[in-house]
Amino acid sequence: MKIKAKNDSAFIQYLLHLGDNALIMSHRNSEWCGHGPALEQDIALTNIALDQIGQARNFYQYAAVLINESSNEKQTEDSLAYLRDAWDFKNCLLVELPNGDWGQTILKQFLISAYQYYLYLELQNIQDEQLAAIAAKSVKELNYHLRWSADWVMRLGDGTSESKKRMTDAIDAVWSYTYELFEVAEYENILSVEMQCKIREAWIEKIKTVFGKATLAIPNSQWKQRGGKLGVHTEHLGYILAEMQFLQRAYPGSEW
Amino acid sequence: MKTVSSEKAIWHLLESVSDPEIPVLSVIDLGIIRSVLFVRENNHDSSDHQLVITITPTYTGCPAMDMISKQISSKLEEAGYQNFEIKQTLKPAWTTDWMTETGKEKLRSYGIAAPVGKSFNNYDLSKLKIPCPQCGSENTSMISEFGSTSCKALFKCLNCKEPFDYFKCH
C-alpha cells in the first residue's frame, strides 16, 4: 500500500492518536504509584507507565517535527502533551476510563496491551521508517506488558469466587469500549485492510485464549461506546488533563 | 585535521562515561553507542570536521538517556572538543546482545545477574535458569518481571536466600 506524504495531516493525526493512547494509559497506570496491592505489582505498573510515556514521547516528537515542517507552528512533545485540550486528544475511550479496582485495572491493561502488541507488530513493517522504528522498539516492551497482564487475568479469573466476581464485573463495565479499538478512523487508513483484519483477529484470538484459561466469558452484548478517536470523550478525560496540564497552564514554559 | 585514530580516541573517552543508574557499566559496555564519526562540513573549508556520535535508547522511557547525552557532552567539552553533535536513533532497536562481555562480567561482580541468551528468543522469564550473582546457584526463582529500573527483573536465590536483580535479555 502506498504511504501518504509525510506532511499529510492524516498521518500527523494518526501519530497523535498513537501518542495519546500511550500517554493517557501511562497517566492512569501512574495513579497506582504507591497504592499497588504489593510492592512488586506497584513497581510493575509504574514500569509499564514509564514504557508508555517513552512511547508517547517518540510519537509526539515525530509528530512535532512533521507539524513544524508543514506549518509555521513550533510544536514540541511537551506542547502536544500539555497544551492541547480534550477535543484535540484522539485516544480511545478505553484508556481514559477510571482504574476502578485491581481487577478492572488488570483487565484494561490486558485488553490494551494485547491491542498495542498486535498493532505494533504490524506497524514495524510499515513503509514510513521512523514510525516502523518506533513500533519495532515498542513491541519489545509490550511483550512484557502483555505477559504480565495476561497472567493476572488468569490468576484472578481462575482464583477465588471474589476475584472471579471482580473480573466478571470488570468485563461487564469495560467490554463495550473495546469495539472502538477496531472502528477505523479516517486517519488510520495508513494501515491496509489486511493489516487491520490481522490485528483484530490476533487480538480476539488472544482474548479468547486467556479468558478461556481464566474461566471468563466474552459478553454477548453488542452495545458499543465510541467517540475518543474523533475527539469526543467521556467526562473522565477532562479530569485527567486538569491534573496533568495544570502546571504548564498556570506557569507557562516552566521547567524542572 | 581529524583522522581515524582520533575516532579511536573518542571511543576510548566514552569508556569513562558511565550509566547513571548502574555506574559500573560504561556506555560502551551497554552497547548504546552506535557510531562515532568525524563528518566533513560542506560549508566550511575542508579541514573542518564535525564529530557526530549516534546513540540509541535502551528502553523508550528510560530517564537515564537524557542524562547520558549530557554526560557525553560534558566529557567531550572537558577534553576540548567543541564542534560535536549527539544524535539519537531508534533503528535498529537496542538489544542486550550488544552488551560487551566485560560489561556482563562487571554486572555480575556488582551483584546484578547478566542477560542470559539472545534477544530474538521471546523468553518467559519465570522459566529461565538465572544463576545467582552472589553464590552462583541456578536454584533461583523469579519474583517479578519488573524491577527497580526498566532494564531489570527481580529474582531470589533459593540456595543463599538473597534477592537479586536480573538485567533482562531484551
# chains A, B, ... in the order shown; residues from 1 in each chain; ligands from 1
>>> closest_atom_pairs(of="chain B", to="chain A", cutoff="6 Å", atoms="only C-alpha atoms", output="Markdown table")
| residue | atom | partner | partner_atom | distance |
| --- | --- | --- | --- | --- |
| B:Thr60 | CA | A:Gly54 | CA | 4.4 |
| B:Gly61 | CA | A:Gly54 | CA | 3.6 |
| B:Leu90 | CA | A:Ala133 | CA | 5.8 |
| B:Lys91 | CA | A:Ala133 | CA | 5.4 |
| B:Ala93 | CA | A:Lys137 | CA | 5.2 |
| B:Phe146 | CA | A:Ala44 | CA | 5.1 |
>>> write_last_selection(atoms="all heavy atoms", output="CSV table (one decimal), in the first residue's frame")
chain,number,residue,atom,x,y,z
B,60,THR,N,12.3,2.9,25.8
B,60,THR,CA,11.8,4.1,25.3
B,60,THR,C,11.7,5.2,26.5
B,60,THR,O,11.9,6.3,26.3
B,60,THR,CB,10.4,4.0,24.7
B,60,THR,OG1,9.6,3.3,25.5
B,60,THR,CG2,10.5,3.2,23.4
B,61,GLY,N,11.3,4.7,27.7
B,61,GLY,CA,11.0,5.6,28.8
B,61,GLY,C,12.2,5.8,29.7
B,61,GLY,O,12.1,6.4,30.7
B,90,LEU,N,16.6,5.2,16.6
B,90,LEU,CA,15.8,4.1,17.2
B,90,LEU,C,16.0,2.8,16.5
B,90,LEU,O,15.6,1.7,16.9
B,90,LEU,CB,14.3,4.4,17.1
B,90,LEU,CG,13.8,5.6,18.0
B,90,LEU,CD1,12.4,5.9,17.7
B,90,LEU,CD2,14.0,5.3,19.5
B,91,LYS,N,16.6,2.9,15.3
B,91,LYS,CA,16.7,1.7,14.4
B,91,LYS,C,18.2,1.4,14.1
B,91,LYS,O,18.9,2.3,13.7
B,91,LYS,CB,16.0,2.0,13.1
B,91,LYS,CG,15.7,0.8,12.3
B,91,LYS,CD,15.1,1.2,11.0
B,91,LYS,CE,15.1,0.1,10.0
B,91,LYS,NZ,14.6,0.4,8.7
B,93,ALA,N,16.6,-1.4,16.9
B,93,ALA,CA,16.3,-1.2,18.3
B,93,ALA,C,17.4,-1.9,19.1
B,93,ALA,O,17.9,-2.9,18.8
B,93,ALA,CB,14.9,-1.9,18.6
B,146,PHE,N,9.3,-7.2,36.5
B,146,PHE,CA,9.7,-5.7,36.6
B,146,PHE,C,10.5,-5.5,37.8
B,146,PHE,O,10.3,-6.1,38.9
B,146,PHE,CB,8.4,-4.9,36.5
B,146,PHE,CG,7.6,-5.1,35.3
B,146,PHE,CD1,6.6,-6.0,35.3
B,146,PHE,CD2,7.9,-4.4,34.2
B,146,PHE,CE1,5.8,-6.2,34.1
B,146,PHE,CE2,7.1,-4.6,33.0
B,146,PHE,CZ,6.1,-5.5,33.0
>>> residues_around(residues="segment 224-237 of chain A", least_positions_apart="3", cutoff="8 Å", atoms="only C-alpha atoms", output="ChimeraX atom specification")
/A:17,86-93,96-98,176-180,185,240-241
>>> write_last_selection(atoms="N, CA and C atoms", output="compact mmCIF listing (two decimals), in the first residue's frame")
# COMPACT_ATOMS: atom_id res chain seq x y z
N HIS A 17 -2.82 10.18 17.63
CA HIS A 17 -3.70 9.14 18.17
C HIS A 17 -2.89 8.08 18.91
N ALA A 86 -9.16 18.67 25.50
CA ALA A 86 -9.74 17.32 25.40
C ALA A 86 -10.17 16.98 23.97
N TRP A 87 -10.80 17.94 23.28
CA TRP A 87 -11.31 17.61 21.94
C TRP A 87 -10.19 17.41 20.92
N ASP A 88 -8.96 17.80 21.25
CA ASP A 88 -7.82 17.55 20.36
C ASP A 88 -7.24 16.15 20.58
N PHE A 89 -7.55 15.57 21.72
CA PHE A 89 -7.00 14.24 22.02
C PHE A 89 -7.76 13.17 21.24
N LYS A 90 -7.01 12.21 20.72
CA LYS A 90 -7.60 11.19 19.84
C LYS A 90 -7.48 9.78 20.40
N ASN A 91 -7.26 9.69 21.72
CA ASN A 91 -7.14 8.36 22.31
C ASN A 91 -8.48 7.64 22.34
N CYS A 92 -8.43 6.31 22.35
CA CYS A 92 -9.64 5.52 22.50
C CYS A 92 -10.22 5.74 23.90
N LEU A 93 -11.54 5.65 24.01
CA LEU A 93 -12.18 5.87 25.31
C LEU A 93 -11.67 4.89 26.37
N GLU A 96 -9.02 6.01 28.86
CA GLU A 96 -9.29 7.09 29.81
C GLU A 96 -10.23 6.67 30.93
N LEU A 97 -10.81 5.47 30.84
CA LEU A 97 -11.73 5.01 31.89
C LEU A 97 -11.00 4.95 33.23
N PRO A 98 -11.71 5.24 34.31
CA PRO A 98 -11.08 5.17 35.64
C PRO A 98 -10.56 3.76 35.91
N SER A 176 -17.88 -2.86 26.37
CA SER A 176 -18.48 -2.05 25.30
C SER A 176 -17.50 -1.03 24.73
N TYR A 177 -16.41 -0.77 25.45
CA TYR A 177 -15.40 0.19 24.96
C TYR A 177 -14.35 -0.45 24.06
N THR A 178 -14.39 -1.79 23.96
CA THR A 178 -13.34 -2.45 23.16
C THR A 178 -13.61 -2.35 21.66
N TYR A 179 -14.89 -2.18 21.30
CA TYR A 179 -15.20 -2.13 19.86
C TYR A 179 -14.50 -0.98 19.17
N GLU A 180 -14.34 0.13 19.92
CA GLU A 180 -13.74 1.32 19.30
C GLU A 180 -12.31 1.08 18.82
N ALA A 185 -10.80 4.93 12.14
CA ALA A 185 -10.97 6.35 11.85
C ALA A 185 -10.30 6.64 10.50
N ILE A 240 -8.40 14.11 33.92
CA ILE A 240 -7.00 13.69 33.74
C ILE A 240 -6.17 14.88 33.26
N LEU A 241 -6.69 15.59 32.25
CA LEU A 241 -5.93 16.71 31.69
C LEU A 241 -5.78 17.83 32.72
>>> residues_around(residues="Cys132 of chain B", least_positions_apart="4", cutoff="9 Å", atoms="only C-alpha atoms", output="PyMOL selection string")
chain B and resi 108+111-113+136-140+155-157+159-160+162-164+166
>>> select_by_dssp(residues="segment 45-144 of chain B", states="strand (DSSP E or B)", output="PyMOL selection string")
chain B and resi 49-55+84-88+112-113+140-144
>>> write_last_selection(atoms="N, CA and C atoms", output="PDB file, in the first residue's frame")
ATOM      1  N   HIS B  49      35.961  19.395  10.508  1.00  0.00           N
ATOM      2  CA  HIS B  49      35.121  18.215  10.629  1.00  0.00           C
ATOM      3  C   HIS B  49      34.278  18.308  11.896  1.00  0.00           C
ATOM      4  N   GLN B  50      33.048  17.847  11.774  1.00  0.00           N
ATOM      5  CA  GLN B  50      32.209  17.798  12.966  1.00  0.00           C
ATOM      6  C   GLN B  50      32.152  16.366  13.496  1.00  0.00           C
ATOM      7  N   LEU B  51      32.248  16.257  14.817  1.00  0.00           N
ATOM      8  CA  LEU B  51      32.148  14.941  15.449  1.00  0.00           C
ATOM      9  C   LEU B  51      30.666  14.604  15.654  1.00  0.00           C
ATOM     10  N   VAL B  52      30.242  13.474  15.121  1.00  0.00           N
ATOM     11  CA  VAL B  52      28.850  13.049  15.296  1.00  0.00           C
ATOM     12  C   VAL B  52      28.830  11.701  16.022  1.00  0.00           C
ATOM     13  N   ILE B  53      28.220  11.720  17.203  1.00  0.00           N
ATOM     14  CA  ILE B  53      28.095  10.468  17.968  1.00  0.00           C
ATOM     15  C   ILE B  53      26.622  10.060  17.945  1.00  0.00           C
ATOM     16  N   THR B  54      26.363   8.843  17.517  1.00  0.00           N
ATOM     17  CA  THR B  54      24.975   8.371  17.473  1.00  0.00           C
ATOM     18  C   THR B  54      24.749   7.356  18.582  1.00  0.00           C
ATOM     19  N   ILE B  55      23.740   7.636  19.399  1.00  0.00           N
ATOM     20  CA  ILE B  55      23.416   6.711  20.487  1.00  0.00           C
ATOM     21  C   ILE B  55      21.989   6.205  20.291  1.00  0.00           C
ATOM     22  N   PHE B  84      30.638  19.302  18.022  1.00  0.00           N
ATOM     23  CA  PHE B  84      30.118  17.935  18.026  1.00  0.00           C
ATOM     24  C   PHE B  84      28.594  17.933  18.132  1.00  0.00           C
ATOM     25  N   GLU B  85      28.026  16.810  17.761  1.00  0.00           N
ATOM     26  CA  GLU B  85      26.580  16.646  17.859  1.00  0.00           C
ATOM     27  C   GLU B  85      26.302  15.229  18.351  1.00  0.00           C
ATOM     28  N   ILE B  86      25.315  15.103  19.250  1.00  0.00           N
ATOM     29  CA  ILE B  86      24.927  13.763  19.701  1.00  0.00           C
ATOM     30  C   ILE B  86      23.538  13.470  19.155  1.00  0.00           C
ATOM     31  N   LYS B  87      23.470  12.457  18.320  1.00  0.00           N
ATOM     32  CA  LYS B  87      22.196  12.108  17.682  1.00  0.00           C
ATOM     33  C   LYS B  87      21.630  10.865  18.334  1.00  0.00           C
ATOM     34  N   GLN B  88      20.303  10.752  18.265  1.00  0.00           N
ATOM     35  CA  GLN B  88      19.665   9.524  18.755  1.00  0.00           C
ATOM     36  C   GLN B  88      19.040   8.785  17.586  1.00  0.00           C
ATOM     37  N   ILE B 112      24.480  -7.900  40.042  1.00  0.00           N
ATOM     38  CA  ILE B 112      23.319  -7.988  39.143  1.00  0.00           C
ATOM     39  C   ILE B 112      23.557  -9.137  38.171  1.00  0.00           C
ATOM     40  N   ALA B 113      22.574 -10.045  38.047  1.00  0.00           N
ATOM     41  CA  ALA B 113      22.725 -11.152  37.099  1.00  0.00           C
ATOM     42  C   ALA B 113      22.673 -10.609  35.676  1.00  0.00           C
ATOM     43  N   THR B 140      17.169 -20.707  41.475  1.00  0.00           N
ATOM     44  CA  THR B 140      16.621 -19.368  41.710  1.00  0.00           C
ATOM     45  C   THR B 140      15.203 -19.294  41.171  1.00  0.00           C
ATOM     46  N   SER B 141      14.442 -18.317  41.618  1.00  0.00           N
ATOM     47  CA  SER B 141      13.106 -18.161  41.033  1.00  0.00           C
ATOM     48  C   SER B 141      12.764 -16.687  40.860  1.00  0.00           C
ATOM     49  N   MET B 142      11.879 -16.421  39.902  1.00  0.00           N
ATOM     50  CA  MET B 142      11.511 -15.047  39.593  1.00  0.00           C
ATOM     51  C   MET B 142      10.503 -14.517  40.604  1.00  0.00           C
ATOM     52  N   ILE B 143      10.712 -13.289  41.048  1.00  0.00           N
ATOM     53  CA  ILE B 143       9.717 -12.641  41.905  1.00  0.00           C
ATOM     54  C   ILE B 143       8.805 -11.786  41.031  1.00  0.00           C
ATOM     55  N   SER B 144       9.414 -11.007  40.135  1.00  0.00           N
ATOM     56  CA  SER B 144       8.629 -10.149  39.251  1.00  0.00           C
ATOM     57  C   SER B 144       9.423  -9.847  37.988  1.00  0.00           C
TER      58      SER B 144
END
